[in-house]
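Here the structure comes first, spelled out in structure tokens, and everything after it is commentary.
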Amino acid sequence: MEGALQRREREGSSRYHLQPKQQLLSSSGTKTNEDETYEPQKQCRKKRKKTCNDVSHRGWADLPVELLGIIYSTLTIVDFLNFGKVCSSWRLSFSFLKQNFMNVHAPLVMYISSRAKKSCHFYDISTRVKYGTKLPTFVGKIFLGCSSGYLIFQDFHKNVWVINPLTGHKLQFPNMPQTKKPLNRSDRAIFASFGSGSRFALIVLSQTHETVRYCILRDTTARWRYLSFAKESWKIVDLVIFCGRVYALTNNSRIGVFNFRTCRFRFLTLGGTPWLTTFVRLVASKKQLLIVHFLPIIFRAKVYTIDLERLKWVKVEDLGDEALFVGAWMSSKSGSTTNWRGLRNSVYHLPFGSNMCNIYSLNEESRGRFQICEPDMTHKIYCWYFLHQAYSPDIINDED
């Protein structure tokens, strides 16, 4: 079954909500007749208003929190987002329960056609359900990545937009400094909040220009700064936010910490550095800074962690009940697989431009693969979308 993420205007702001594409069902379970005249619809609304004051209908708002917890635990994403629209009491419960619901849900695979540019789709890897969304600011923009539950685009005027497809929250960053070449699809970006709710950071890694650019948005003021590594002996291949800081991985296996005040990386002196190819990704878990090293020819993956206390690389043998979800568009995270029965101690990898997801175990063996969508002639971009970040983006502790 496919669902649609449709725009909704409410109280003057843009809202998005999941809704099935099939015909809506009435309260009795029968299909509604779209050819009904206006008058019968008006009468139905009056009847509902009269019966809402009936004592027998007050039970929905008076259900205990424990029972609501049982109800929401059985819901799909579509049903849960509609859960908060039943009444004011359920809407209040939704605000308390939404983060826990999103935390235990499996990640979605988001894929975008580079030709259509009017919609993107989400694939639930646990239920195999697909959803679609249309965003009004999608057309004519370059997709720079998915980060902290937001989609990041750059328009022809070099303005950068971040859009939350679930909540409808949208921010515009000012145009980037003039460059000889525009950003392309090999460039990526990460988005984060400073925790106050009024300050946001956007960091763009451009391998085309060999720069790291960042902009801090304070209310209506913002300014871009950049660091060039064109003349350095190293190149930055990936960025990630871990424990409130921005970490970088270079092509010679160095780990750096970004300082917003000086616009420089402070590189750590680490022991036990392994030999790595260019097929590497940084992944942030709750407690560990991880590096995934892919060996694409033999379809294997190795995982390392950085022990920040002993300042050394350590090979990871067991992730417990967690798995790593790694993509090519700044959208890599770890997550528990217990609630949706995923493959624990594994790496779910989305190769660039492929409609297949490869699964590796930490003993360097392949666990198979699955198809995300039917192959066609259009080129698509695939990345992970983590539902819990739609309401709780990554946080940077401080600018310095």
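Letters A, B, ... go to the chains of the structure tokens in the order shown; residues in each chain start at 1; ligands are counted from 1 in the same order.
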All residues 10 Å or closer to range 148-162 of chain A, only C-alpha atoms, same chain fewer than 3 positions away omitted, as a PyMOL selection string: chain A and resi 137-145+165-179+182-184+188-193+202+241+330-331+384-395
Got a sec to tell me which of range 103-220 of chain A DSSP assigns to strand (DSSP E), as a PyMOL selection string? chain A and resi 108-113+119-124+130-134+142-147+150-154+160-163+170-173+188-193+199-206+211-218
Closest of A:Lys287, A:Val237, A:Val314, A:Thr133 to Leu270 in chain A, counting only C-alpha atoms, is A:Val314
Using only C-alpha atoms, which protein or nucleic acid residues come within 12 Å of Phe352 in chain A? Drop anything in the same chain fewer than 2 positions from it, and give the result as number ranges by chain. A: 111, 185-186, 279, 296, 326-329, 349-350, 354-358, 379-383
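Distances here use only C-alpha atoms; by that measure, the residue among A:Ile396, A:Leu135, A:Leu295, A:Cys87 closest to Asn259 in chain A is A:Ile396.
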As an NGL selection string, please: the residues near range 69-75 of chain A (cut-off 9 Å, only C-alpha atoms, same-chain neighbours under 4 positions excluded). :A and (64-65 or 79-80 or 83 or 93-94 or 97 or 101)
Write the residues you've just listed into a file as a tab-separated table (two decimals), in the first residue's frame, and include N, CA, C and O atoms for each of them.
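And here is the file that came out, again.tsv:
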chain	number	residue	atom	x	y	z
A	64	PRO	N	-7.21	6.11	29.72
A	64	PRO	CA	-5.96	6.25	30.50
A	64	PRO	C	-4.73	6.21	29.59
A	64	PRO	O	-4.76	5.63	28.50
A	65	VAL	N	-3.65	6.79	30.07
A	65	VAL	CA	-2.41	6.86	29.29
A	65	VAL	C	-1.89	5.47	28.97
A	65	VAL	O	-1.35	5.22	27.89
A	79	ASP	N	-1.15	5.90	10.66
A	79	ASP	CA	-2.15	5.92	11.73
A	79	ASP	C	-1.67	6.71	12.94
A	79	ASP	O	-2.45	7.40	13.59
A	80	PHE	N	-0.37	6.61	13.23
A	80	PHE	CA	0.13	7.31	14.42
A	80	PHE	C	0.11	8.82	14.21
A	80	PHE	O	-0.22	9.58	15.13
A	83	PHE	N	-3.20	9.82	14.84
A	83	PHE	CA	-3.55	9.54	16.23
A	83	PHE	C	-3.73	10.85	17.00
A	83	PHE	O	-4.64	10.97	17.83
A	93	SER	N	-1.37	13.57	24.29
A	93	SER	CA	-0.66	12.30	24.44
A	93	SER	C	0.31	12.09	23.29
A	93	SER	O	1.41	11.58	23.49
A	94	PHE	N	-0.08	12.50	22.10
A	94	PHE	CA	0.79	12.38	20.93
A	94	PHE	C	2.09	13.13	21.13
A	94	PHE	O	3.18	12.65	20.78
A	97	LEU	N	4.20	10.97	23.37
A	97	LEU	CA	4.51	9.63	22.90
A	97	LEU	C	5.27	9.59	21.58
A	97	LEU	O	5.87	8.57	21.24
A	101	PHE	N	7.76	6.57	19.95
A	101	PHE	CA	7.29	5.83	18.78
A	101	PHE	C	8.31	5.91	17.65
A	101	PHE	O	8.63	4.91	17.00
Which distance in Å separates CA of Trp340 in chain A and CA of Leu324 in chain A, to one decimal?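 So the answer is 14.5 Å.
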